[in-house]
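Notes for the one structure printed next.
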Amino acid sequence: MTIRHAAIDDLDIITLIETASFLKTEAAKKEEIEERLELNGDYFWLLDNLGEVCAFVHGLPTNAVNLTDDMFHSAEQYDTNGDWIMLLSVATHPAHRCKGYAREVMRQVIADSRAQGRKGIVLTCKEHLIPFYQKFGFLDEGKSASTHGGSVWYQMRQTF
């Protein structure tokens, strides 16, 4: 089991996992994922188990302090030297859920972000996932201003 960064060759499997993990209104479209991969695959962390991608986390480096809906559809706020990493997707292939894969990838994302000198990481999640992220040290900031995909999201933050 290894954690690696993505390449354009990973587009199809990332798209499959993304669409299997989120509602149709929430999931990134293949073209959006492709644009992000071409911009910088280093902000996709993939858990690869014997040549099979089982889970991934995708982040957006930025100087913005809060995660906003436009970040899901445009790379306009992308800044490699940004203070914060906004997590746009944390997803596990349905056949590989409940095996701790997302946990392993999150640990790597946190370690890498800390090592890069970021101020921290911000994400939004559904209410039932708040305890999962709290285990990593994320603090619940309450309901997010984001209504991405027509859903209710909670903003979580880990400050280093």
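FYI, nothing fancy with the structure tokens labels: chains A, B, ... in order, residues from 1 per chain, ligands from 1 as they appear.
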
- [ ] Write out as a ChimeraX atom specification which residues come within 8 Å of Cys54 (chain A) when counting only C-alpha atoms, dropping same-chain ones fewer than 2 positions away.
- [x] /A:46-49,52,56,92-93,96,101

- [ ] Could you give me, as a ChimeraX atom specification, each residue of region 17-139 of chain A that DSSP assigns to helix (DSSP H, G or I) when run on this structure's backbone?
- [x] /A:17-21,30-43,69-72,94-96,101-115,127-134

Open item on the list: One decimal, in Å: what's the spacing between CA of Ile33 (chain A) and CA of Gln134 (chain A)?
Closed with: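 That distance, rounded to one decimal, is 27.2 Å.
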
Open item on the list: I want to know what sits within 12 Å of Trp153 (chain A), based on only C-alpha atoms, with residues of the same chain fewer than 4 positions away left out; could you give that as a PyMOL selection string?
Closed with: chain A and resi 26+67-69+123-130+140-149

- [ ] Could you pull out the residues in chain A that DSSP calls strand (DSSP E) from the backbone, as a PyMOL selection string?
- [x] chain A and resi 2-5+44-49+52-62+84-92+120-125+139-143+154-159

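CA of Arg157 (chain A) lies 7.3 Å from CA of Gly120 (chain A).
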
- [ ] Find the spatial neighbours of Trp84 (chain A), counting only C-alpha atoms, within a cut-off of 6 Å - ignore same-chain residues fewer than 5 positions away - and output them as a PyMOL selection string.
- [x] chain A and resi 61-63+118-121

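The space separating CA of Gly82 (chain A) from CA of Leu37 (chain A) comes to 17.7 Å.
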
Task: Distance query Glu31 (chain A) at most 10 Å, only C-alpha atoms, self and fewer than 3 positions along chain excluded, as a ChimeraX atom specification - done: /A:11,15,28,34-37,73

Next, the residues of the selection above should be written as an mmCIF file, in the first residue's frame with N, CA and C atoms.
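So result_16.cif came out as:
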data_model
loop_
_atom_site.group_PDB
_atom_site.id
_atom_site.type_symbol
_atom_site.label_atom_id
_atom_site.label_comp_id
_atom_site.auth_asym_id
_atom_site.auth_seq_id
_atom_site.Cartn_x
_atom_site.Cartn_y
_atom_site.Cartn_z
ATOM 1 N N LEU A 11 -7.088 9.852 -14.353
ATOM 2 C CA LEU A 11 -8.347 10.578 -14.537
ATOM 3 C C LEU A 11 -9.569 9.667 -14.432
ATOM 4 N N THR A 15 -12.340 9.861 -11.425
ATOM 5 C CA THR A 15 -13.715 10.223 -11.794
ATOM 6 C C THR A 15 -14.695 9.161 -11.314
ATOM 7 N N ALA A 28 -17.580 16.239 -8.738
ATOM 8 C CA ALA A 28 -16.880 16.985 -9.791
ATOM 9 C C ALA A 28 -17.058 16.258 -11.116
ATOM 10 N N GLU A 34 -10.067 16.720 -14.752
ATOM 11 C CA GLU A 34 -8.979 16.779 -15.732
ATOM 12 C C GLU A 34 -8.243 18.117 -15.654
ATOM 13 N N GLU A 35 -8.995 19.224 -15.539
ATOM 14 C CA GLU A 35 -8.374 20.545 -15.425
ATOM 15 C C GLU A 35 -7.490 20.623 -14.178
ATOM 16 N N ARG A 36 -7.988 20.084 -13.063
ATOM 17 C CA ARG A 36 -7.220 20.099 -11.813
ATOM 18 C C ARG A 36 -5.964 19.242 -11.919
ATOM 19 N N LEU A 37 -6.081 18.079 -12.549
ATOM 20 C CA LEU A 37 -4.916 17.206 -12.734
ATOM 21 C C LEU A 37 -3.858 17.881 -13.597
ATOM 22 N N HIS A 73 -15.571 24.547 -8.842
ATOM 23 C CA HIS A 73 -15.779 24.626 -10.286
ATOM 24 C C HIS A 73 -14.737 25.436 -11.031
#
